$ cat protein-v4.csv   # CSV, C-alpha atoms and all ligand atoms
chain,number,residue,atom,x,y,z
A,1,MET,CA,14.0,99.2,33.5
A,2,GLY,CA,11.1,97.0,34.8
A,3,HIS,CA,10.6,95.5,38.1
A,4,ALA,CA,12.0,91.9,38.5
A,5,PRO,CA,9.6,90.2,41.0
A,6,VAL,CA,11.5,88.7,44.0
A,7,LEU,CA,10.7,85.2,45.3
A,8,LEU,CA,8.0,84.9,42.6
A,9,ALA,CA,7.9,81.1,42.4
A,10,GLU,CA,8.1,80.7,46.2
A,11,ALA,CA,5.3,83.2,46.8
A,12,MET,CA,3.1,81.5,44.2
A,13,ASP,CA,3.7,78.0,45.7
A,14,ALA,CA,2.9,79.4,49.2
A,15,LEU,CA,-0.4,80.8,47.9
A,16,ALA,CA,-1.4,77.3,46.7
A,17,LEU,CA,-3.4,78.8,43.8
A,18,LYS,CA,-6.5,76.9,42.7
A,19,ASP,CA,-9.0,77.3,39.9
A,20,GLY,CA,-12.0,79.3,40.9
A,21,GLY,CA,-10.2,80.9,43.8
A,22,LEU,CA,-10.2,84.6,44.8
A,23,TYR,CA,-6.8,86.1,45.6
A,24,VAL,CA,-5.6,89.5,46.7
A,25,ASP,CA,-2.3,91.0,45.5
A,26,ALA,CA,-1.9,93.7,48.1
A,27,THR,CA,1.1,95.4,46.3
A,28,PHE,CA,0.6,95.4,42.5
A,29,GLY,CA,3.8,97.4,41.7
A,30,GLY,CA,4.9,96.3,38.2
A,31,GLY,CA,2.2,93.5,38.2
A,32,GLY,CA,4.7,90.6,38.3
A,33,TYR,CA,2.8,88.7,41.0
A,34,SER,CA,-0.7,89.5,39.6
A,35,ARG,CA,0.3,88.3,36.1
A,36,GLU,CA,1.7,85.0,37.5
A,37,MET,CA,-1.4,84.4,39.6
A,38,LEU,CA,-3.7,84.8,36.6
A,39,ALA,CA,-1.4,82.6,34.5
A,40,ARG,CA,-1.1,79.8,37.1
A,41,ALA,CA,-4.8,79.2,37.8
A,42,ARG,CA,-8.3,80.1,36.5
A,43,CYS,CA,-8.7,82.4,39.5
A,44,ARG,CA,-9.8,86.0,40.2
A,45,VAL,CA,-7.3,88.5,41.5
A,46,ILE,CA,-8.0,91.8,43.2
A,47,ALA,CA,-4.8,94.0,43.3
A,48,TYR,CA,-4.1,97.1,45.3
A,49,ASP,CA,-1.4,99.8,45.0
A,50,ARG,CA,-1.3,103.2,46.7
A,51,ASP,CA,0.9,104.6,44.0
A,52,PRO,CA,-1.0,106.2,41.1
A,53,ASP,CA,1.9,105.4,38.7
A,54,ALA,CA,1.5,101.7,39.5
A,55,ILE,CA,-2.2,101.8,38.8
A,56,ALA,CA,-1.5,103.5,35.4
A,57,ARG,CA,0.9,100.7,34.6
A,58,GLY,CA,-1.8,98.1,35.3
A,59,VAL,CA,-4.3,99.5,32.7
A,60,GLU,CA,-3.3,96.9,30.1
A,61,LEU,CA,-3.7,94.0,32.4
A,62,VAL,CA,-7.2,95.2,33.4
A,63,ALA,CA,-8.1,95.5,29.7
A,64,ALA,CA,-6.7,92.0,29.0
A,65,GLU,CA,-8.5,90.3,31.9
A,66,PRO,CA,-11.6,92.4,32.6
A,67,LYS,CA,-13.5,89.5,34.3
A,68,ARG,CA,-10.7,88.0,36.3
A,69,PHE,CA,-8.7,91.0,37.4
A,70,THR,CA,-9.6,94.2,39.4
A,71,LEU,CA,-7.0,96.9,40.2
A,72,LEU,CA,-7.7,99.3,43.0
A,73,GLN,CA,-5.8,102.4,44.0
A,74,GLY,CA,-5.6,102.4,47.7
A,75,ARG,CA,-3.7,101.2,50.8
A,76,PHE,CA,-3.7,97.6,51.7
A,77,GLY,CA,-4.4,98.6,55.3
A,78,ASP,CA,-7.9,99.3,54.0
A,79,LEU,CA,-8.3,96.1,52.0
A,80,SER,CA,-11.6,94.4,52.1
A,81,ALA,CA,-13.5,91.9,50.0
A,82,ASP,CA,-17.1,91.0,49.4
A,83,ALA,CA,-16.4,87.3,49.3
A,84,PRO,CA,-14.0,85.0,51.3
A,85,VAL,CA,-10.5,85.2,49.9
A,86,ASN,CA,-8.3,82.2,49.3
A,87,GLY,CA,-5.0,84.0,49.5
A,88,VAL,CA,-3.5,87.4,50.2
A,89,VAL,CA,0.1,88.2,49.2
A,90,PHE,CA,2.2,91.2,50.2
A,91,ASP,CA,5.4,92.1,48.5
A,92,LEU,CA,6.5,95.0,50.7
A,93,GLY,CA,8.6,98.1,50.1
A,94,VAL,CA,9.2,100.0,46.9
A,95,SER,CA,9.3,98.8,43.3
A,96,SER,CA,12.2,99.3,41.0
A,97,TYR,CA,10.0,101.7,39.1
A,98,GLN,CA,9.7,103.9,42.2
A,99,LEU,CA,13.5,103.7,42.8
A,100,ASP,CA,14.5,104.2,39.2
A,101,GLU,CA,12.2,107.1,38.6
A,102,GLY,CA,14.6,109.7,40.0
A,103,ARG,CA,12.2,112.5,40.5
A,104,ARG,CA,10.1,110.4,43.0
A,105,GLY,CA,13.0,111.1,45.4
A,106,PHE,CA,13.2,107.6,46.9
A,107,SER,CA,16.9,107.1,45.9
A,108,PHE,CA,20.1,109.1,46.3
A,109,ARG,CA,21.3,107.7,42.9
A,110,ALA,CA,19.7,110.6,41.2
A,111,ASP,CA,19.5,114.2,42.5
A,112,ALA,CA,15.9,115.0,42.9
A,113,ASP,CA,13.3,116.7,45.2
A,114,LEU,CA,13.3,114.9,48.5
A,115,ASP,CA,9.8,113.5,48.1
A,116,MET,CA,9.3,109.7,48.8
A,117,ARG,CA,5.5,109.9,48.9
A,118,MET,CA,4.1,106.7,47.4
A,119,GLU,CA,0.7,108.4,47.1
A,120,LYS,CA,2.1,111.8,45.9
A,121,GLN,CA,0.1,113.4,48.7
A,122,GLY,CA,0.7,114.8,52.1
A,123,PRO,CA,4.0,115.9,53.8
A,124,SER,CA,7.2,114.7,52.1
A,125,ALA,CA,10.6,113.5,53.2
A,126,ALA,CA,11.8,117.1,52.9
A,127,ASP,CA,9.2,118.1,55.5
A,128,ALA,CA,10.5,115.5,57.8
A,129,VAL,CA,14.2,116.4,57.3
A,130,ASN,CA,13.6,120.1,57.8
A,131,LYS,CA,10.9,120.2,60.5
A,132,LEU,CA,11.5,117.3,62.9
A,133,SER,CA,13.7,118.1,65.9
A,134,GLU,CA,17.2,116.8,66.1
A,135,ALA,CA,16.2,114.2,68.8
A,136,ALA,CA,13.3,113.0,66.7
A,137,LEU,CA,15.5,112.6,63.6
A,138,ALA,CA,18.1,110.7,65.7
A,139,GLU,CA,15.4,108.4,67.1
A,140,LEU,CA,14.0,107.8,63.6
A,141,ILE,CA,17.3,107.0,62.0
A,142,TYR,CA,18.2,104.7,64.9
A,143,ARG,CA,14.9,102.8,65.3
A,144,TYR,CA,13.7,102.6,61.7
A,145,GLY,CA,17.0,102.8,60.0
A,146,GLU,CA,18.9,100.7,62.6
A,147,ASP,CA,21.9,103.0,62.0
A,148,ASP,CA,24.3,103.4,64.9
A,149,ASP,CA,25.5,106.7,63.5
A,150,SER,CA,22.0,108.2,64.0
A,151,ARG,CA,23.0,111.0,66.4
A,152,ARG,CA,25.9,112.1,64.3
A,153,ILE,CA,23.7,112.1,61.2
A,154,ALA,CA,20.8,114.0,62.9
A,155,ARG,CA,23.3,116.7,64.2
A,156,ALA,CA,24.7,117.1,60.7
A,157,ILE,CA,21.2,117.5,59.2
A,158,VAL,CA,20.3,120.1,61.7
A,159,GLN,CA,23.5,122.0,61.1
A,160,GLU,CA,23.1,121.9,57.3
A,161,ARG,CA,19.4,123.0,57.4
A,162,ALA,CA,20.3,126.0,59.6
A,163,ALA,CA,22.2,127.3,56.5
A,164,HIS,CA,19.5,126.3,54.0
A,165,ALA,CA,16.6,123.9,53.7
A,166,ILE,CA,17.5,120.3,52.6
A,167,THR,CA,15.1,119.8,49.7
A,168,ARG,CA,17.2,117.6,47.4
A,169,THR,CA,18.2,113.9,47.7
A,170,GLY,CA,21.8,114.7,46.7
A,171,LEU,CA,22.2,117.2,49.5
A,172,LEU,CA,20.9,114.8,52.1
A,173,ALA,CA,23.1,112.0,50.8
A,174,ASP,CA,26.2,114.3,50.9
A,175,THR,CA,25.3,115.6,54.4
A,176,VAL,CA,25.0,112.0,55.8
A,177,GLU,CA,28.2,110.9,54.0
A,178,ARG,CA,30.1,113.9,55.5
A,179,ALA,CA,28.7,113.1,59.0
A,180,VAL,CA,29.9,109.5,59.0
A,181,GLY,CA,33.1,110.2,57.1
A,182,GLY,CA,32.1,108.5,53.8
A,183,ARG,CA,33.1,104.9,53.9
A,184,LYS,CA,35.2,104.4,50.7
A,185,GLY,CA,34.7,101.0,49.1
A,186,ALA,CA,31.6,100.2,51.3
A,187,ARG,CA,29.1,98.0,49.5
A,188,VAL,CA,26.2,100.2,50.5
A,189,HIS,CA,26.0,104.0,50.5
A,190,PRO,CA,26.2,105.5,54.1
A,191,ALA,CA,22.9,107.3,53.5
A,192,THR,CA,21.0,104.1,52.7
A,193,LYS,CA,19.6,103.6,56.2
A,194,THR,CA,18.6,107.2,56.6
A,195,PHE,CA,16.7,107.2,53.3
A,196,GLN,CA,15.0,104.0,54.3
A,197,ALA,CA,14.0,105.4,57.7
A,198,LEU,CA,12.5,108.5,56.1
A,199,ARG,CA,10.6,106.4,53.5
A,200,MET,CA,9.1,104.3,56.2
A,201,LEU,CA,8.0,107.4,58.2
A,202,VAL,CA,6.6,109.3,55.2
A,203,ASN,CA,4.5,106.3,54.1
A,204,ASP,CA,3.7,105.0,57.6
A,205,GLU,CA,4.9,101.6,56.4
A,206,LEU,CA,4.9,99.9,59.8
A,207,GLY,CA,1.4,101.2,60.6
A,208,GLU,CA,0.2,100.0,57.1
A,209,LEU,CA,1.7,96.6,57.7
A,210,ALA,CA,-0.1,96.2,61.0
A,211,ARG,CA,-3.4,97.2,59.5
A,212,GLY,CA,-2.7,95.1,56.3
A,213,LEU,CA,-2.0,91.9,58.3
A,214,SER,CA,-5.2,92.4,60.3
A,215,ALA,CA,-7.2,93.1,57.2
A,216,ALA,CA,-5.9,90.0,55.6
A,217,GLU,CA,-6.8,87.9,58.7
A,218,ARG,CA,-10.4,89.2,58.4
A,219,VAL,CA,-10.9,88.5,54.7
A,220,LEU,CA,-9.2,85.1,54.4
A,221,ALA,CA,-11.4,82.0,54.2
A,222,PRO,CA,-10.6,79.0,56.2
A,223,ALA,CA,-7.5,77.3,54.6
A,224,GLY,CA,-6.7,80.6,52.8
A,225,ARG,CA,-3.0,81.5,52.7
A,226,LEU,CA,-1.3,84.6,54.0
A,227,VAL,CA,2.0,85.2,52.2
A,228,VAL,CA,4.4,88.1,53.0
A,229,VAL,CA,7.7,89.0,51.4
A,230,SER,CA,9.5,91.6,53.4
A,231,PHE,CA,12.8,93.4,52.9
A,232,HIS,CA,13.5,94.9,56.3
A,233,SER,CA,14.2,93.2,59.6
A,234,LEU,CA,11.6,95.3,61.4
A,235,GLU,CA,8.9,94.2,58.9
A,236,ASP,CA,10.0,90.6,59.0
A,237,ARG,CA,9.9,90.6,62.8
A,238,MET,CA,6.3,92.0,62.8
A,239,VAL,CA,5.2,89.4,60.3
A,240,LYS,CA,6.9,86.6,62.3
A,241,GLN,CA,5.4,87.7,65.6
A,242,PHE,CA,1.9,88.2,64.1
A,243,ILE,CA,1.8,84.7,62.7
A,244,ALA,CA,3.5,83.0,65.7
A,245,GLU,CA,1.1,84.6,68.2
A,246,ARG,CA,-2.0,83.8,66.1
A,247,ALA,CA,-0.8,80.3,65.3
A,248,ASP,CA,-0.1,79.8,69.0
A,249,ALA,CA,3.4,78.7,68.1
A,250,GLN,CA,4.2,78.0,71.7
A,251,GLY,CA,2.9,74.5,71.0
A,252,ARG,CA,-0.7,74.7,72.4
A,253,GLY,CA,-3.5,73.3,70.1
A,254,THR,CA,-3.4,73.5,66.4
A,255,ARG,CA,-6.8,73.8,64.8
A,256,TYR,CA,-9.0,74.1,67.9
A,257,ALA,CA,-8.0,75.0,71.4
A,258,PRO,CA,-11.1,74.4,73.5
A,259,ASP,CA,-9.5,75.8,76.6
A,260,LEU,CA,-9.2,79.2,75.0
A,261,PRO,CA,-12.0,81.8,74.5
A,262,PRO,CA,-12.9,81.9,70.8
A,263,GLU,CA,-11.2,85.3,70.2
A,264,ARG,CA,-7.9,83.7,71.3
A,265,ALA,CA,-8.3,80.4,69.4
A,266,PRO,CA,-5.5,80.2,66.8
A,267,SER,CA,-6.5,82.0,63.6
A,268,PHE,CA,-3.6,80.6,61.6
A,269,THR,CA,-1.6,77.4,61.4
A,270,LEU,CA,2.1,77.5,60.7
A,271,GLU,CA,3.6,74.7,58.7
A,272,ARG,CA,7.0,76.3,58.2
A,273,ARG,CA,8.5,78.3,60.9
A,274,ARG,CA,11.6,79.4,59.1
A,275,ALA,CA,11.5,82.2,56.5
A,276,THR,CA,12.4,81.5,52.9
A,277,ALA,CA,15.3,83.6,51.5
A,278,SER,CA,16.2,84.2,47.9
A,279,SER,CA,18.6,81.7,46.2
A,280,ASP,CA,22.2,82.8,45.5
A,281,ALA,CA,21.3,82.8,41.8
A,282,GLU,CA,18.4,85.2,42.3
A,283,ILE,CA,20.5,87.5,44.4
A,284,GLU,CA,23.2,87.4,41.7
A,285,ALA,CA,20.6,88.4,39.1
A,286,ASN,CA,18.7,90.9,41.3
A,287,PRO,CA,20.5,92.6,44.2
A,288,ARG,CA,17.1,93.7,45.6
A,289,ALA,CA,16.5,90.1,46.5
A,290,ARG,CA,19.5,90.2,49.0
A,291,SER,CA,17.4,91.0,52.0
A,292,ALA,CA,14.1,89.4,51.0
A,293,SER,CA,12.3,87.1,53.4
A,294,LEU,CA,9.1,85.2,52.7
A,295,ARG,CA,6.8,83.9,55.4
A,296,TRP,CA,3.4,82.2,55.0
A,297,ALA,CA,0.6,80.7,57.1
A,298,THR,CA,-2.8,79.1,56.6
A,299,ARG,CA,-6.0,80.6,58.0
A,300,THR,CA,-8.0,78.5,60.4
A,301,ASP,CA,-11.8,78.9,60.8
A,302,ALA,CA,-11.4,80.7,64.2
A,303,PRO,CA,-12.5,84.3,64.3
A,304,ALA,CA,-10.0,87.0,63.5
A,305,TRP,CA,-8.1,88.4,66.6
A,306,ASP,CA,-8.2,92.1,67.6
A,307,GLU,CA,-6.5,94.5,65.2
A,308,LEU,CA,-2.7,94.4,65.5
A,309,GLU,CA,-1.3,97.5,67.1
A,310,PRO,CA,1.5,99.2,65.1
A,311,PRO,CA,4.7,98.9,67.2
A,312,ALA,CA,5.3,102.7,68.0
A,313,LEU,CA,9.1,102.2,67.6
A,314,ALA,CA,10.0,105.8,67.3
A,315,PRO,CA,7.3,107.6,69.4
A,316,ARG,CA,8.9,111.0,69.4
A,317,ALA,CA,9.4,111.1,65.6
A,318,GLU,CA,6.0,109.6,65.0
A,319,ALA,CA,4.3,112.3,67.3
A,320,GLU,CA,6.2,115.2,65.6
A,321,TRP,CA,5.3,113.7,62.2
A,322,ALA,CA,1.7,113.4,63.1
A,323,LYS,CA,1.5,117.1,63.7
A,324,LEU,CA,2.8,117.8,60.2
A,325,ASN,CA,0.0,115.7,58.6
A,401,LIG,C1,7.9,95.6,45.8
A,401,LIG,S1,6.7,96.4,45.0
A,401,LIG,C2,5.6,95.1,44.4
A,401,LIG,C3,6.1,94.4,43.2
A,401,LIG,C4,5.2,93.4,42.6
A,401,LIG,N1,5.1,92.2,43.4
A,401,LIG,C5,5.7,93.0,41.2
A,401,LIG,O1,5.9,91.8,41.0
A,401,LIG,O2,5.8,93.8,40.3
A,401,LIG,C6,5.8,97.1,46.2
A,401,LIG,C7,4.6,98.0,45.8
A,401,LIG,O3,3.7,98.1,46.9
A,401,LIG,C8,3.1,99.4,46.9
A,401,LIG,N2,2.8,99.6,48.3
A,401,LIG,C9,3.6,99.8,49.4
A,401,LIG,N3,2.9,100.0,50.5
A,401,LIG,C10,1.6,99.9,50.1
A,401,LIG,C11,0.3,100.0,50.9
A,401,LIG,N4,0.3,100.3,52.2
A,401,LIG,N5,-0.8,99.9,50.2
A,401,LIG,C12,-0.8,99.6,48.8
A,401,LIG,N6,0.3,99.5,48.1
A,401,LIG,C13,1.5,99.7,48.7
A,401,LIG,C14,4.2,100.3,46.4
A,401,LIG,O4,3.7,101.4,45.9
A,401,LIG,C15,4.9,99.4,45.3
A,401,LIG,O5,4.3,99.6,44.1

$ encode --input "protein-v4.csv" --output "structure tokens"
Amino acid sequence: MGHAPVLLAEAMDALALKDGGLYVDATFGGGGYSREMLARARCRVIAYDRDPDAIARGVELVAAEPKRFTLLQGRFGDLSADAPVNGVVFDLGVSSYQLDEGRRGFSFRADADLDMRMEKQGPSAADAVNKLSEAALAELIYRYGEDDDSRRIARAIVQERAAHAITRTGLLADTVERAVGGRKGARVHPATKTFQALRMLVNDELGELARGLSAAERVLAPAGRLVVVSFHSLEDRMVKQFIAERADAQGRGTRYAPDLPPERAPSFTLERRRATASSDAEIEANPRARSASLRWATRTDAPAWDELEPPALAPRAEAEWAKLN
């Protein structure tokens, strides 16, 4: 099965694509956004993905549009451009390809090695589950997963791994389900939040988002658009705060603020404060759209602000994890 792009039309409208423009698709995935950008305007697109499988899927598009399309394997936290960019779009999280490819270990729907590494390098989710302390696991599942059963789940993981290492997605899902008493008839599996928390840690997703937003701020030309589609409340909050702070959404100046030093002059303007959600019809057709939230803002000509600090939400887990890297 392919990847059905979420909020595609809304993201394209927010980018305000124009002929001759240069745009960055920070998350190529299945290429749905890149293809639409190239179709909607005579523009150039530079796309990034950190997953080698996504890059392999993009070979055909590169061959079809050699002059207008560039695909780079790498993290969007490192994105740069040699010319001013008219729009940067992030469609965060994992693609359906990653979820459906059982052996990548992102999902409990297939029993597979507990992997979850988008780049297929470095320590895996199994390392986190087997090596982090109980306190770190509980903190991680509570803060990144926003799961109130985090302590119970962490205790069950530690008990289970004392008998044998937890190296498979199936065993982790069963361990969590046993810990919380398996909610029959629940719409989502009880291990969903634990899996999500591990994925975010393994791929440093919040750190990447902080670096990616700052990188976008640096490469965007005046009047360029920053567009972000997120699927997790922590990410959405980071994006919202990043834009609100830099757009000085408290109601001080808009384009210029002469009373502020230049490094604090608004680097974005915000025309729409509310996030855009998927329509009922899109959610019906694509359940992944359920938690999608789109925010966008327009770059001003003020200098970029200092690099955004990642939020350090789970300091204990993050510190223990850093030692494994
Ligand atoms: C939701 S999918 C994007 C789907 C795409 N918009 C489409 O229409 O097919 C997210 C993609 O972003 C990639 N990704 C996630 N974090 C990244 C990062 N920090 N740098 C580069 N790519 C990243 C993932 O590997 C995944 O392929």

$ residues_around --input "protein-v4.csv" --residues "Glu139 in chain A" --least-positions-apart "6" --cutoff "9 Å" --atoms "only C-alpha atoms" --output "PyMOL selection string"
chain A and resi 150-151+154+313-317

$ closest_atom_pairs --input "protein-v4.csv" --of "range 188-267 of chain A" --to "range 109-130 of chain A" --cutoff "12 Å" --atoms "all atoms listed in the file" --output "JSON lines"
{"residue": "A:Val188", "atom": "CA", "partner": "A:Arg109", "partner_atom": "CA", "distance": 11.7}
{"residue": "A:His189", "atom": "CA", "partner": "A:Arg109", "partner_atom": "CA", "distance": 9.7}
{"residue": "A:Ala191", "atom": "CA", "partner": "A:Arg109", "partner_atom": "CA", "distance": 10.7}
{"residue": "A:Thr192", "atom": "CA", "partner": "A:Arg109", "partner_atom": "CA", "distance": 10.4}
{"residue": "A:Thr194", "atom": "CA", "partner": "A:Val129", "partner_atom": "CA", "distance": 10.2}
{"residue": "A:Phe195", "atom": "CA", "partner": "A:Ala125", "partner_atom": "CA", "distance": 8.8}
{"residue": "A:Gln196", "atom": "CA", "partner": "A:Met116", "partner_atom": "CA", "distance": 9.8}
{"residue": "A:Ala197", "atom": "CA", "partner": "A:Ala125", "partner_atom": "CA", "distance": 9.9}
{"residue": "A:Leu198", "atom": "CA", "partner": "A:Ala125", "partner_atom": "CA", "distance": 6.1}
{"residue": "A:Arg199", "atom": "CA", "partner": "A:Met116", "partner_atom": "CA", "distance": 5.9}
{"residue": "A:Met200", "atom": "CA", "partner": "A:Met116", "partner_atom": "CA", "distance": 9.2}
{"residue": "A:Leu201", "atom": "CA", "partner": "A:Ala125", "partner_atom": "CA", "distance": 8.3}
{"residue": "A:Val202", "atom": "CA", "partner": "A:Ala125", "partner_atom": "CA", "distance": 6.1}
{"residue": "A:Asn203", "atom": "CA", "partner": "A:Arg117", "partner_atom": "CA", "distance": 6.4}
{"residue": "A:Asp204", "atom": "CA", "partner": "A:Arg117", "partner_atom": "CA", "distance": 10.1}
{"residue": "A:Glu205", "atom": "CA", "partner": "A:Met118", "partner_atom": "CA", "distance": 10.4}

$ closest_residue --input "protein-v4.csv" --among "A:Glu146, A:Glu309, A:Glu271, A:Glu235" --to "ligand LIG 401 (chain A)" --atoms "all atoms listed in the file"
A:Glu235

$ closest_atom_pairs --input "protein-v4.csv" --of "chain A" --to "ligand LIG 401 (chain A)" --cutoff "8 Å" --atoms "all atoms listed in the file" --output "tab-separated table"
residue	atom	partner	partner_atom	distance
A:His3	CA	A:LIG401	O2	5.5
A:Ala4	CA	A:LIG401	O1	6.6
A:Pro5	CA	A:LIG401	O1	4.0
A:Val6	CA	A:LIG401	O1	7.1
A:Leu8	CA	A:LIG401	O1	7.4
A:Asp25	CA	A:LIG401	N1	7.8
A:Ala26	CA	A:LIG401	C12	6.0
A:Thr27	CA	A:LIG401	O3	3.8
A:Phe28	CA	A:LIG401	C4	5.0
A:Gly29	CA	A:LIG401	O5	3.3
A:Gly30	CA	A:LIG401	O2	3.4
A:Gly31	CA	A:LIG401	O2	4.2
A:Gly32	CA	A:LIG401	O1	3.2
A:Tyr33	CA	A:LIG401	O1	4.4
A:Ser34	CA	A:LIG401	O1	7.1
A:Tyr48	CA	A:LIG401	C12	5.4
A:Asp49	CA	A:LIG401	N6	3.5
A:Arg50	CA	A:LIG401	C12	4.2
A:Asp51	CA	A:LIG401	O4	4.7
A:Ala54	CA	A:LIG401	O5	5.8
A:Gln73	CA	A:LIG401	C12	7.5
A:Gly74	CA	A:LIG401	C12	5.7
A:Arg75	CA	A:LIG401	N5	3.2
A:Phe76	CA	A:LIG401	N5	4.0
A:Gly77	CA	A:LIG401	N4	5.9
A:Phe90	CA	A:LIG401	N1	7.5
A:Asp91	CA	A:LIG401	C1	5.1
A:Leu92	CA	A:LIG401	C6	5.0
A:Gly93	CA	A:LIG401	C6	4.9
A:Val94	CA	A:LIG401	C6	4.5
A:Ser95	CA	A:LIG401	S1	3.9
A:Ser96	CA	A:LIG401	S1	7.4
A:Tyr97	CA	A:LIG401	O5	7.9
A:Gln98	CA	A:LIG401	O5	7.2
A:Met118	CA	A:LIG401	O4	5.5
A:Glu119	CA	A:LIG401	O4	7.7
A:Asn203	CA	A:LIG401	N3	7.4
A:Asp204	CA	A:LIG401	N4	7.9
A:Glu205	CA	A:LIG401	N4	6.4
A:Glu208	CA	A:LIG401	N4	4.9
A:Leu209	CA	A:LIG401	N4	6.8
A:Gly212	CA	A:LIG401	N4	7.3

$ atom_distance --input "protein-v4.csv" --atom1 "CA of Leu294 in chain A" --atom2 "CA of Arg274 in chain A"
9.0 Å

$ residues_around --input "protein-v4.csv" --residues "range 218-231 of chain A" --least-positions-apart "2" --cutoff "6 Å" --atoms "all atoms listed in the file" --output "list in words"
Leu15, Pro84, Val85, Asn86, Gly87, Val88, Val89, Phe90, Asp91, Leu92, Ala215, Ala216, Asp236, Ser291, Ala292, Ser293, Leu294, Arg295, Trp296, Ala297, Thr298, Arg299, Thr300, Asp301 and Ala304 of chain A

$ residues_around --input "protein-v4.csv" --residues "range 175-180 of chain A" --least-positions-apart "5" --cutoff "6 Å" --atoms "only C-alpha atoms" --output "VMD selection string"
chain A and resid 153 156 190 to 191

$ atom_distance --input "protein-v4.csv" --atom1 "CA of Pro310 in chain A" --atom2 "CA of Ala210 in chain A"
5.3 Å

$ residues_around --input "protein-v4.csv" --residues "Pro266 in chain A" --least-positions-apart "3" --cutoff "6 Å" --atoms "all atoms listed in the file" --output "PyMOL selection string"
chain A and resi 246-248

$ atom_distance --input "protein-v4.csv" --atom1 "CA of Lys193 in chain A" --atom2 "CA of Gly105 in chain A"
14.7 Å

$ closest_residue --input "protein-v4.csv" --among "A:Tyr23, A:Tyr142, A:Phe268, A:Phe106" --to "Ala47 in chain A" --atoms "only C-alpha atoms"
A:Tyr23

$ residues_around --input "protein-v4.csv" --residues "Ser279 in chain A" --least-positions-apart "6" --cutoff "10 Å" --atoms "all atoms listed in the file" --output "list of chain:residue names"
A:Leu7, A:Ala285, A:Ala289, A:Arg290

$ closest_residue --input "protein-v4.csv" --among "A:Lys240, A:Ala41, A:Ile141, A:Ile55" --to "Ala275 in chain A" --atoms "all atoms listed in the file"
A:Lys240

$ closest_residue --input "protein-v4.csv" --among "A:Arg272, A:Glu282, A:Leu22, A:Thr169" --to "Arg104 in chain A" --atoms "only C-alpha atoms"
A:Thr169

$ closest_residue --input "protein-v4.csv" --among "A:Gly2, A:Leu61, A:Arg42, A:Glu10" --to "Thr276 in chain A" --atoms "all atoms listed in the file"
A:Glu10
